[in-house]
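Asker: Below is the file work.cif, which contains mmCIF, C-alpha atoms and all ligand atoms.
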data_structure
loop_
_atom_site.label_atom_id
_atom_site.label_comp_id
_atom_site.auth_asym_id
_atom_site.auth_seq_id
_atom_site.Cartn_x
_atom_site.Cartn_y
_atom_site.Cartn_z
CA MET A 228 105.67 65.23 -68.44
CA ALA A 229 102.18 64.11 -67.34
CA ARG A 230 101.90 63.75 -63.57
CA VAL A 231 101.02 60.19 -62.54
CA GLU A 232 98.60 60.01 -59.61
CA ARG A 233 100.21 58.20 -56.72
CA LEU A 234 98.62 54.95 -55.60
CA ARG A 235 96.91 55.48 -52.23
CA VAL A 236 97.82 52.45 -50.10
CA GLY A 237 96.88 51.24 -46.62
CA VAL A 238 98.46 48.53 -44.49
CA VAL A 239 96.39 46.27 -42.22
CA GLY A 240 98.36 44.80 -39.32
CA ALA A 241 101.15 46.89 -37.78
CA GLY A 242 103.34 43.99 -36.65
CA VAL A 243 106.66 42.82 -38.09
CA MET A 244 105.52 42.50 -41.71
CA GLY A 245 103.08 45.41 -41.61
CA GLU A 246 105.90 47.69 -40.51
CA ARG A 247 108.09 46.34 -43.32
CA HIS A 248 105.39 46.94 -45.95
CA ALA A 249 104.60 50.40 -44.57
CA ARG A 250 108.20 51.57 -44.58
CA ILE A 251 108.78 50.32 -48.15
CA TYR A 252 105.51 51.87 -49.44
CA ALA A 253 106.42 55.17 -47.74
CA ALA A 254 109.62 55.24 -49.83
CA LEU A 255 108.15 54.10 -53.19
CA PRO A 256 107.85 57.12 -55.51
CA GLU A 257 104.56 56.00 -57.08
CA VAL A 258 102.88 55.29 -53.75
CA GLU A 259 101.38 57.38 -51.00
CA LEU A 260 101.13 55.45 -47.75
CA VAL A 261 97.87 56.87 -46.48
CA ALA A 262 96.80 54.69 -43.55
CA VAL A 263 97.82 51.87 -41.25
CA CYS A 264 95.42 49.83 -39.18
CA ASP A 265 95.80 47.48 -36.24
CA VAL A 266 93.43 46.23 -33.58
CA ARG A 267 96.26 47.18 -31.22
CA GLU A 268 95.66 50.92 -31.45
CA ASP A 269 99.02 51.86 -29.96
CA ALA A 270 100.87 49.78 -32.60
CA ALA A 271 98.88 51.45 -35.38
CA ARG A 272 99.57 54.88 -33.94
CA ARG A 273 103.32 54.26 -33.55
CA LEU A 274 103.70 53.00 -37.13
CA ALA A 275 101.51 55.79 -38.49
CA GLN A 276 103.64 58.40 -36.75
CA ALA A 277 106.86 56.84 -38.06
CA THR A 278 105.62 56.76 -41.65
CA GLY A 279 103.43 59.86 -41.91
CA ALA A 280 100.19 57.88 -42.32
CA ALA A 281 96.86 58.04 -40.50
CA ALA A 282 96.13 55.40 -37.85
CA TYR A 283 92.98 53.26 -37.67
CA ALA A 284 91.97 50.56 -35.19
CA ASP A 285 89.32 49.09 -37.45
CA VAL A 286 89.56 47.82 -41.05
CA ALA A 287 86.02 48.91 -41.95
CA ALA A 288 86.74 52.47 -40.82
CA MET A 289 90.00 52.51 -42.81
CA VAL A 290 88.59 51.17 -46.09
CA GLY A 291 85.52 53.39 -45.69
CA GLY A 292 87.33 56.56 -44.74
CA ALA A 293 90.81 56.73 -46.20
CA ARG A 294 90.03 56.86 -49.98
CA LEU A 295 92.46 54.03 -50.74
CA ASP A 296 93.32 52.25 -54.01
CA ALA A 297 95.03 49.21 -52.47
CA VAL A 298 95.92 47.52 -49.20
CA SER A 299 98.54 45.16 -47.85
CA VAL A 300 97.01 42.67 -45.46
CA CYS A 301 99.68 41.77 -42.90
CA THR A 302 97.51 40.44 -40.10
CA SER A 303 98.38 37.16 -38.39
CA ASP A 304 97.97 34.09 -40.58
CA GLU A 305 94.50 33.02 -39.44
CA ALA A 306 93.17 36.60 -39.71
CA HIS A 307 93.61 37.35 -43.43
CA ARG A 308 90.07 36.70 -44.65
CA ALA A 309 88.00 39.44 -42.97
CA PRO A 310 90.29 42.36 -43.95
CA CYS A 311 90.68 40.97 -47.49
CA GLU A 312 86.91 40.68 -47.91
CA ALA A 313 86.30 44.15 -46.48
CA ALA A 314 88.92 45.71 -48.75
CA ALA A 315 87.76 43.82 -51.86
CA ARG A 316 84.15 44.88 -51.22
CA ALA A 317 85.39 48.48 -51.22
CA GLY A 318 87.10 47.86 -54.60
CA LEU A 319 90.66 47.90 -53.25
CA HIS A 320 93.48 45.87 -54.80
CA LEU A 321 94.97 43.28 -52.43
CA LEU A 322 98.47 42.24 -51.47
CA VAL A 323 98.09 39.62 -48.75
CA GLU A 324 100.96 38.07 -46.83
CA LYS A 325 101.67 34.34 -47.15
CA PRO A 326 100.13 31.88 -46.52
CA ILE A 327 97.03 33.20 -48.29
CA ALA A 328 95.05 31.74 -45.37
CA THR A 329 95.23 28.83 -42.95
CA THR A 330 92.15 27.00 -44.28
CA LEU A 331 91.00 26.26 -47.82
CA ALA A 332 87.60 27.79 -47.02
CA ASP A 333 89.25 31.12 -46.12
CA ALA A 334 91.59 30.95 -49.13
CA ASP A 335 88.70 30.29 -51.53
CA ALA A 336 86.69 33.13 -49.97
CA ILE A 337 89.60 35.57 -50.46
CA VAL A 338 90.08 34.55 -54.11
CA GLU A 339 86.32 34.77 -54.72
CA ALA A 340 86.08 38.21 -53.07
CA ALA A 341 88.88 39.54 -55.31
CA ASP A 342 87.34 37.97 -58.43
CA ARG A 343 83.88 39.33 -57.68
CA ALA A 344 85.26 42.83 -57.09
CA GLY A 345 87.56 42.66 -60.14
CA VAL A 346 90.59 43.70 -58.07
CA ALA A 347 94.16 42.40 -58.26
CA LEU A 348 95.19 39.77 -55.71
CA LEU A 349 98.90 39.19 -55.10
CA VAL A 350 100.01 36.81 -52.32
CA GLY A 351 103.33 37.71 -50.68
CA HIS A 352 105.37 34.64 -51.51
CA CYS A 353 108.49 36.74 -51.13
CA LEU A 354 111.01 34.14 -52.36
CA ARG A 355 109.67 34.71 -55.87
CA PHE A 356 111.20 38.19 -55.49
CA ASP A 357 114.52 37.10 -53.93
CA PRO A 358 117.12 37.65 -56.70
CA ARG A 359 118.68 34.23 -55.99
CA TYR A 360 115.45 32.24 -56.18
CA HIS A 361 114.30 34.35 -59.13
CA ALA A 362 117.54 33.71 -61.06
CA ALA A 363 117.37 30.00 -60.21
CA GLN A 364 113.85 29.70 -61.61
CA ALA A 365 114.85 31.66 -64.72
CA ALA A 366 117.76 29.24 -65.32
CA ILE A 367 115.45 26.25 -64.87
CA ALA A 368 112.79 27.77 -67.15
CA ALA A 369 115.49 28.40 -69.80
CA GLY A 370 116.28 24.66 -69.75
CA GLU A 371 119.77 25.08 -68.29
CA LEU A 372 119.30 22.15 -65.89
CA GLY A 373 117.33 19.97 -68.28
CA THR A 374 114.34 18.34 -66.58
CA VAL A 375 114.21 18.78 -62.80
CA GLN A 376 114.62 15.45 -61.01
CA THR A 377 114.85 16.48 -57.35
CA VAL A 378 114.50 19.63 -55.22
CA TYR A 379 115.73 19.73 -51.63
CA THR A 380 114.86 22.70 -49.41
CA ARG A 381 115.84 23.59 -45.87
CA ARG A 382 114.17 26.30 -43.78
CA SER A 383 115.71 26.23 -40.35
CA ASN A 384 114.93 29.14 -38.01
CA THR A 385 115.79 30.04 -34.43
CA VAL A 386 113.47 29.56 -31.46
CA ALA A 387 113.30 33.36 -31.19
CA ALA A 388 110.41 33.29 -33.73
CA GLN A 389 108.14 31.91 -30.97
CA ASP A 390 108.66 35.04 -28.82
CA ARG A 391 106.23 36.66 -31.26
CA LEU A 392 104.30 33.73 -32.71
CA ARG A 393 103.69 31.83 -29.43
CA GLY A 394 102.67 28.72 -31.34
CA ARG A 395 99.82 30.44 -33.20
CA CYS A 396 100.66 28.90 -36.60
CA SER A 397 101.99 25.49 -37.64
CA LEU A 398 105.48 25.00 -39.05
CA PRO A 399 104.31 23.83 -42.53
CA LEU A 400 101.88 26.77 -42.80
CA PHE A 401 104.23 29.49 -41.53
CA LEU A 402 107.60 28.42 -42.96
CA GLY A 403 106.99 25.40 -45.20
CA VAL A 404 104.58 27.22 -47.50
CA HIS A 405 107.51 29.32 -48.79
CA ASP A 406 109.36 26.22 -49.98
CA TYR A 407 106.33 24.25 -51.21
CA ASP A 408 105.60 27.22 -53.48
CA VAL A 409 109.22 27.41 -54.63
CA MET A 410 109.26 23.68 -55.38
CA ARG A 411 106.10 23.87 -57.55
CA TRP A 412 107.60 26.93 -59.29
CA PHE A 413 110.97 25.24 -59.92
CA VAL A 414 109.58 21.86 -60.97
CA GLY A 415 106.74 23.33 -63.03
CA SER A 416 104.44 20.51 -62.04
CA GLU A 417 101.78 19.77 -59.41
CA VAL A 418 102.39 17.87 -56.18
CA VAL A 419 100.35 14.67 -56.40
CA GLU A 420 101.39 12.85 -53.21
CA VAL A 421 102.83 13.85 -49.84
CA THR A 422 104.37 11.77 -47.08
CA ALA A 423 105.64 13.47 -43.95
CA ALA A 424 106.73 13.16 -40.34
CA ALA A 425 106.88 15.75 -37.59
CA LYS A 426 108.93 15.94 -34.43
CA ARG A 427 107.23 17.53 -31.40
CA GLY A 428 108.05 18.08 -27.74
CA LEU A 429 110.58 20.85 -27.23
CA LEU A 430 108.26 23.75 -28.10
CA GLU A 431 105.19 22.00 -26.65
CA ARG A 432 106.99 21.78 -23.29
CA ARG A 433 107.43 25.58 -23.50
CA GLY A 434 103.68 26.01 -24.04
CA TYR A 435 103.67 26.38 -27.83
CA PRO A 436 101.44 23.73 -29.47
CA VAL A 437 103.47 23.38 -32.68
CA GLU A 438 105.96 21.04 -34.32
CA ASP A 439 109.69 21.42 -33.60
CA ALA A 440 110.61 20.00 -36.99
CA SER A 441 108.98 18.58 -40.10
CA GLY A 442 110.25 16.47 -42.97
CA ALA A 443 108.15 15.97 -46.10
CA LEU A 444 108.55 14.05 -49.34
CA LEU A 445 106.64 15.54 -52.25
CA ARG A 446 105.96 13.49 -55.36
CA PHE A 447 105.28 15.65 -58.43
CA ALA A 448 103.13 14.68 -61.45
CA SER A 449 106.31 15.01 -63.56
CA GLY A 450 107.94 12.25 -61.48
CA ALA A 451 110.26 14.70 -59.70
CA LEU A 452 110.86 14.28 -55.97
CA GLY A 453 110.82 17.14 -53.46
CA ILE A 454 112.39 16.89 -50.01
CA ALA A 455 111.41 19.71 -47.62
CA GLU A 456 113.16 20.01 -44.26
CA LEU A 457 111.88 22.49 -41.67
CA ASN A 458 112.57 23.40 -38.07
CA TRP A 459 112.34 26.45 -35.83
CA ILE A 460 114.42 25.29 -32.90
CA LEU A 461 117.89 26.57 -33.78
CA PRO A 462 119.50 28.10 -30.67
CA ARG A 463 119.25 31.84 -30.05
CA GLY A 464 123.01 32.06 -30.47
CA PHE A 465 122.80 30.99 -34.12
CA PRO A 466 124.51 33.66 -36.25
CA ALA A 467 121.36 34.53 -38.25
CA SER A 468 117.58 34.27 -37.93
CA GLY A 469 117.79 31.09 -39.98
CA ASP A 470 119.56 28.84 -42.46
CA HIS A 471 117.68 28.53 -45.75
CA ARG A 472 118.74 26.45 -48.75
CA ALA A 473 117.54 24.96 -51.99
CA ASP A 474 119.35 22.35 -54.09
CA VAL A 475 117.94 21.50 -57.50
CA VAL A 476 119.14 18.56 -59.60
CA GLY A 477 118.16 18.25 -63.24
CA ASP A 478 119.17 15.67 -65.83
CA ARG A 479 121.65 18.15 -67.35
CA GLY A 480 122.70 20.35 -64.47
CA SER A 481 122.18 21.39 -60.86
CA LEU A 482 122.05 24.56 -58.80
CA GLN A 483 122.36 25.49 -55.15
CA ILE A 484 121.01 28.38 -53.11
CA ALA A 485 122.45 29.01 -49.64
CA THR A 486 121.29 32.16 -47.89
CA LEU A 487 123.25 31.97 -44.63
CA GLU A 488 126.37 33.68 -46.01
CA THR A 489 125.08 37.21 -46.69
CA GLY A 490 128.49 38.69 -47.39
CA LEU A 491 128.27 40.80 -44.22
CA SER A 492 128.98 39.67 -40.69
CA ARG A 493 129.64 41.50 -37.42
CA THR A 494 131.52 40.10 -34.45
CA ASP A 495 131.52 41.35 -30.86
CA GLU A 496 133.00 39.89 -27.66
CA THR A 497 130.64 36.91 -27.67
CA ARG A 498 129.39 36.05 -31.15
CA THR A 499 129.36 36.67 -34.87
CA VAL A 500 126.09 37.56 -36.60
CA ARG A 501 125.25 37.62 -40.31
CA LEU A 502 123.54 40.89 -41.25
CA ASP A 503 120.81 41.14 -43.87
CA ALA A 504 121.88 42.25 -47.33
CA HIS A 505 119.11 40.62 -49.37
CA ALA A 506 115.71 40.68 -47.67
CA ALA A 507 115.22 44.36 -46.93
CA PRO A 508 118.47 46.39 -47.03
CA GLU A 509 118.17 50.18 -46.89
CA VAL A 510 120.76 52.34 -48.65
CA HIS A 511 120.59 56.15 -48.32
CA GLY A 512 116.84 56.02 -47.77
CA HIS A 513 116.23 53.68 -50.71
CA HIS A 514 114.86 50.26 -49.89
CA GLY A 515 116.09 47.18 -51.76
CA GLY A 516 115.88 43.43 -51.55
CA MET A 517 113.08 40.99 -52.11
CA PHE A 518 110.40 42.86 -50.17
CA HIS A 519 111.05 46.02 -52.17
CA PHE A 520 110.80 43.99 -55.41
CA GLU A 521 107.57 42.39 -54.18
CA LEU A 522 105.86 45.68 -53.36
CA ALA A 523 107.15 47.42 -56.51
CA HIS A 524 105.75 44.46 -58.49
CA PHE A 525 102.39 44.87 -56.73
CA VAL A 526 102.29 48.48 -57.98
CA ASP A 527 103.02 47.20 -61.52
CA VAL A 528 100.18 44.67 -61.21
CA VAL A 529 97.71 47.27 -59.94
CA ARG A 530 98.77 49.66 -62.74
CA ARG A 531 98.28 46.76 -65.21
CA ARG A 532 101.90 46.98 -66.33
CA ALA A 533 102.57 43.33 -65.46
CA PRO A 534 100.63 40.15 -64.79
CA ALA A 535 100.95 38.91 -61.19
CA ALA A 536 104.20 36.95 -60.74
CA ILE A 537 102.28 34.53 -58.57
CA ALA A 538 98.68 33.71 -59.41
CA PRO A 539 96.16 33.26 -56.58
CA ALA A 540 95.87 29.60 -57.68
CA ASP A 541 99.61 29.12 -56.96
CA ALA A 542 99.15 30.43 -53.43
CA VAL A 543 96.16 28.15 -52.90
CA ALA A 544 98.17 25.19 -54.25
CA ALA A 545 101.02 25.93 -51.81
CA LEU A 546 98.47 26.08 -48.97
CA ARG A 547 97.05 22.72 -50.10
CA VAL A 548 100.53 21.18 -49.90
CA ALA A 549 101.10 22.63 -46.40
CA LEU A 550 97.77 21.21 -45.20
CA ALA A 551 98.65 17.86 -46.82
CA VAL A 552 102.01 17.84 -45.00
CA GLU A 553 100.16 18.38 -41.70
CA ARG A 554 97.67 15.56 -42.48
CA ALA A 555 100.39 13.19 -43.67
CA ALA A 556 102.46 13.78 -40.53
CA ALA A 557 99.42 13.34 -38.26
CA THR A 558 98.22 10.11 -39.90
CA GLY A 559 101.36 8.56 -41.36
CA ALA A 560 99.39 8.14 -44.60
CA ARG A 561 100.23 9.15 -48.16
CA VAL A 562 98.10 12.21 -48.82
CA ALA A 563 96.98 13.84 -52.06
CA PRO A 564 96.93 17.66 -51.63
N1 LIG A 601 107.08 36.97 -46.16
C1 LIG A 601 107.75 36.66 -45.06
O1 LIG A 601 108.92 36.36 -45.08
C2 LIG A 601 107.02 36.73 -43.76
C3 LIG A 601 107.74 36.77 -42.54
C4 LIG A 601 107.00 36.85 -41.36
C5 LIG A 601 105.62 36.84 -41.38
N2 LIG A 601 104.97 36.77 -42.59
C6 LIG A 601 103.50 36.75 -42.65
O2 LIG A 601 103.01 38.06 -42.37
C7 LIG A 601 101.77 37.98 -41.65
C8 LIG A 601 101.90 38.77 -40.36
O3 LIG A 601 102.92 38.19 -39.58
P1 LIG A 601 103.78 39.05 -38.55
O4 LIG A 601 104.97 38.24 -38.28
O5 LIG A 601 103.93 40.44 -39.05
O6 LIG A 601 102.82 39.02 -37.29
P2 LIG A 601 102.73 40.07 -36.10
O7 LIG A 601 102.11 39.36 -34.97
O8 LIG A 601 104.05 40.75 -35.89
O9 LIG A 601 101.70 41.17 -36.67
C9 LIG A 601 100.36 40.89 -36.94
C10 LIG A 601 99.55 42.13 -36.54
O10 LIG A 601 98.21 41.99 -37.05
C11 LIG A 601 97.34 42.59 -36.09
N3 LIG A 601 95.98 42.12 -36.36
C12 LIG A 601 95.47 40.87 -36.17
N4 LIG A 601 94.17 40.84 -36.59
C13 LIG A 601 93.88 42.07 -37.05
C14 LIG A 601 92.72 42.66 -37.65
N5 LIG A 601 91.61 41.95 -37.83
N6 LIG A 601 92.77 43.96 -38.01
C15 LIG A 601 93.88 44.70 -37.82
N7 LIG A 601 95.02 44.18 -37.28
C16 LIG A 601 95.02 42.91 -36.90
C17 LIG A 601 97.92 42.16 -34.75
O11 LIG A 601 97.46 42.97 -33.70
C18 LIG A 601 99.42 42.32 -35.04
O12 LIG A 601 99.89 43.62 -34.69
C19 LIG A 601 101.49 36.49 -41.46
O13 LIG A 601 100.64 36.03 -42.47
C20 LIG A 601 102.88 35.85 -41.61
O14 LIG A 601 102.89 34.51 -42.07
C21 LIG A 601 105.64 36.73 -43.76
#
Now, as a test, write the supplied structure out as structure tokens.
Answerer:
Amino acid sequence: MARVERLRVGVVGAGVMGERHARIYAALPEVELVAVCDVREDAARRLAQATGAAAYADVAAMVGGARLDAVSVCTSDEAHRAPCEAAARAGLHLLVEKPIATTLADADAIVEAADRAGVALLVGHCLRFDPRYHAAQAAIAAGELGTVQTVYTRRSNTVAAQDRLRGRCSLPLFLGVHDYDVMRWFVGSEVVEVTAAAKRGLLERRGYPVEDASGALLRFASGALGIAELNWILPRGFPASGDHRADVVGDRGSLQIATLETGLSRTDETRTVRLDAHAAPEVHGHHGGMFHFELAHFVDVVRRRAPAAIAPADAVAALRVALAVERAAATGARVAP
């Protein structure tokens, strides 16, 4: 059998998501995790040691020196553009975490850099790789619900997220963008009008300049209505990192996704916690779950075995909705994304 060259991959950003990408790449048979990079040198070194990769403190040095084919960009939300541009200029395929960027100017620059270089660009909208959301969209696309009339989503997370984020990214951009993308994907139509309100105060009093909660109504060109509910103020004692749902109603059927009940819970003297069985479970050294599917799909896209499951334009459209939700909440006006 002909030996297939392994894809030489690097990861930029050795935080929560960078570690996740690195560990999954390190276990993918077609991939060689070659390098990890973080401006925090100690974080890069620790992750490199754990995964058998080389550590870099600078993106330019990594893309110039590590002979890579592709990178995952897992830097904080506002810091996606520079590493994407550097990697694209070096001809490397790009997987960039969601949201594609925090401004339209940065998002357009990333798409343009990938286009100009002729490299693949996949944005990590991971719910498209969650078996439940994937099956839901397949059922909708097969016409099993008829025409979608309404989509309700809830993304409710604990305050623990701010231990790391410290208010650096807004609620619609960090969490909402997942659901705005899912809604466009489920409805199969563009958002034409957004109204929204935000609740502030609790996190601001703790020094984090972000919303506590956000509610948005999305009107689609098809006439469908989207209702997106977000908060990140659930108590630390909540039995999981969050409570995420989607309810879809069509004119011939409906479906519900509820991710809180994972099928696995553990109880000690004080509380019960739900353990992950869907996002990134590891079984005998094999990684599974939506992040594994996402990275395995990226390899397929780079190898030209599959078109990208989410086009760059979809990621930009989800960003536009998130920015519209912010503007609508700030002004009280109806906003076109
Ligand atoms: N798909 C999901 O479910 C999911 C979940 C959490 C976060 N994310 C996304 O992943 C991205 C990273 O988030 P995180 O939670 O891992 O953040 P994090 O703070 O844990 O990690 C970010 C890392 O990037 C590093 N960094 C910043 N600028 C850099 C640069 N120019 N070069 C090299 N390293 C740099 C930081 O030092 C930090 O170590 C964000 O876009 C976030 O929205 C996605």
Asker: Dump the neighbourhood of ligand LIG 601 (chain A) as a ChimeraX atom specification: all residues within 8 Å, distances computed on only C-alpha atoms and all ligand atoms.
Answerer: /A:239-246,264-267,270-271,284-286,300-307,309-310,323-328,351-354,391-392,400-402,518
Asker: For atom CA of Val350 of chain A and atom CA of Ala504 of chain A, quote the distance in Å rounded to one decimal.
Answerer: 23.1 Å
Asker: Just the number, please: distance in Å from atom CA of Ala281 of chain A to atom CA of Arg250 of chain A, one decimal.
Answerer: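 Taking atom CA of Ala281 of chain A and atom CA of Arg250 of chain A, their separation equals 13.7 Å.
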Asker: Which residue is closest to Ala549 of chain A? Choose from A:Asp408, A:Asp527, A:Asp296, A:Glu417 and count all atoms listed in the file.
Answerer: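 Among A:Asp408, A:Asp527, A:Asp296, A:Glu417, it is A:Asp408 that comes nearest to Ala549 of chain A.
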Asker: Which is closest to Arg235 of chain A among A:Leu255, A:Ala506, A:Ala473, A:Val548, if we use all atoms listed in the file?
Answerer: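 Checking each candidate against Arg235 of chain A, we get A:Leu255 as the closest.
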Asker: Just want the 9 Å neighbourhood of Arg446 of chain A, counted on all atoms listed in the file, with same-chain residues fewer than 4 positions away dropped. Output as an MDAnalysis selection string.
Answerer: chainID A and resid 417:422 450:453
Asker: Using only C-alpha atoms, pick whichever of A:Ala336, A:Leu349, A:Ala388, A:Leu487 has the shortest atom-to-atom distance to Val529 of chain A.
Answerer: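 Closest to Val529 of chain A, using only C-alpha atoms: A:Leu349.
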Asker: Considering all atoms listed in the file, can you say which of A:Glu232, A:Asp333, A:Glu438, A:Glu371 comes closest to Ser481 of chain A?
Answerer: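 Among the listed residues, A:Glu371 lies closest to Ser481 of chain A.
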Asker: Smallest atom-to-atom distance to Thr486 of chain A: which of A:Arg532, A:Arg432, A:Arg501, A:Arg395, using all atoms listed in the file?
Answerer: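 Selected residue with least distance to Thr486 of chain A: A:Arg501.
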Asker: Assuming the input is short of atoms at segment 467-478 of chain A, produce N, CA and C atoms for that part as a PDB file, keeping the file's coordinate frame.
Answerer:
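Output below, filename out_26.pdb:
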ATOM      1  N   ALA A 467     122.356  33.841 -37.412  1.00  0.00           N
ATOM      2  CA  ALA A 467     121.360  34.530 -38.250  1.00  0.00           C
ATOM      3  C   ALA A 467     119.991  34.079 -37.787  1.00  0.00           C
ATOM      4  N   SER A 468     118.928  34.694 -38.341  1.00  0.00           N
ATOM      5  CA  SER A 468     117.580  34.270 -37.930  1.00  0.00           C
ATOM      6  C   SER A 468     117.263  32.889 -38.466  1.00  0.00           C
ATOM      7  N   GLY A 469     118.034  32.428 -39.468  1.00  0.00           N
ATOM      8  CA  GLY A 469     117.790  31.090 -39.980  1.00  0.00           C
ATOM      9  C   GLY A 469     118.819  30.666 -41.005  1.00  0.00           C
ATOM     10  N   ASP A 470     118.656  29.439 -41.462  1.00  0.00           N
ATOM     11  CA  ASP A 470     119.560  28.840 -42.460  1.00  0.00           C
ATOM     12  C   ASP A 470     118.645  28.266 -43.548  1.00  0.00           C
ATOM     13  N   HIS A 471     118.645  28.891 -44.704  1.00  0.00           N
ATOM     14  CA  HIS A 471     117.680  28.530 -45.750  1.00  0.00           C
ATOM     15  C   HIS A 471     118.424  28.117 -47.013  1.00  0.00           C
ATOM     16  N   ARG A 472     118.032  26.972 -47.565  1.00  0.00           N
ATOM     17  CA  ARG A 472     118.740  26.450 -48.750  1.00  0.00           C
ATOM     18  C   ARG A 472     117.781  25.843 -49.750  1.00  0.00           C
ATOM     19  N   ALA A 473     118.249  25.748 -50.967  1.00  0.00           N
ATOM     20  CA  ALA A 473     117.540  24.960 -51.990  1.00  0.00           C
ATOM     21  C   ALA A 473     118.598  24.349 -52.904  1.00  0.00           C
ATOM     22  N   ASP A 474     118.469  23.059 -53.155  1.00  0.00           N
ATOM     23  CA  ASP A 474     119.350  22.350 -54.090  1.00  0.00           C
ATOM     24  C   ASP A 474     118.460  21.742 -55.161  1.00  0.00           C
ATOM     25  N   VAL A 475     118.752  22.033 -56.408  1.00  0.00           N
ATOM     26  CA  VAL A 475     117.940  21.500 -57.500  1.00  0.00           C
ATOM     27  C   VAL A 475     118.841  20.645 -58.386  1.00  0.00           C
ATOM     28  N   VAL A 476     118.382  19.447 -58.701  1.00  0.00           N
ATOM     29  CA  VAL A 476     119.140  18.560 -59.600  1.00  0.00           C
ATOM     30  C   VAL A 476     118.279  18.261 -60.818  1.00  0.00           C
ATOM     31  N   GLY A 477     118.836  18.589 -61.990  1.00  0.00           N
ATOM     32  CA  GLY A 477     118.160  18.250 -63.240  1.00  0.00           C
ATOM     33  C   GLY A 477     118.927  17.155 -63.960  1.00  0.00           C
ATOM     34  N   ASP A 478     118.430  16.731 -65.119  1.00  0.00           N
ATOM     35  CA  ASP A 478     119.170  15.670 -65.830  1.00  0.00           C
ATOM     36  C   ASP A 478     120.336  16.224 -66.635  1.00  0.00           C
TER      37      ASP A 478
END
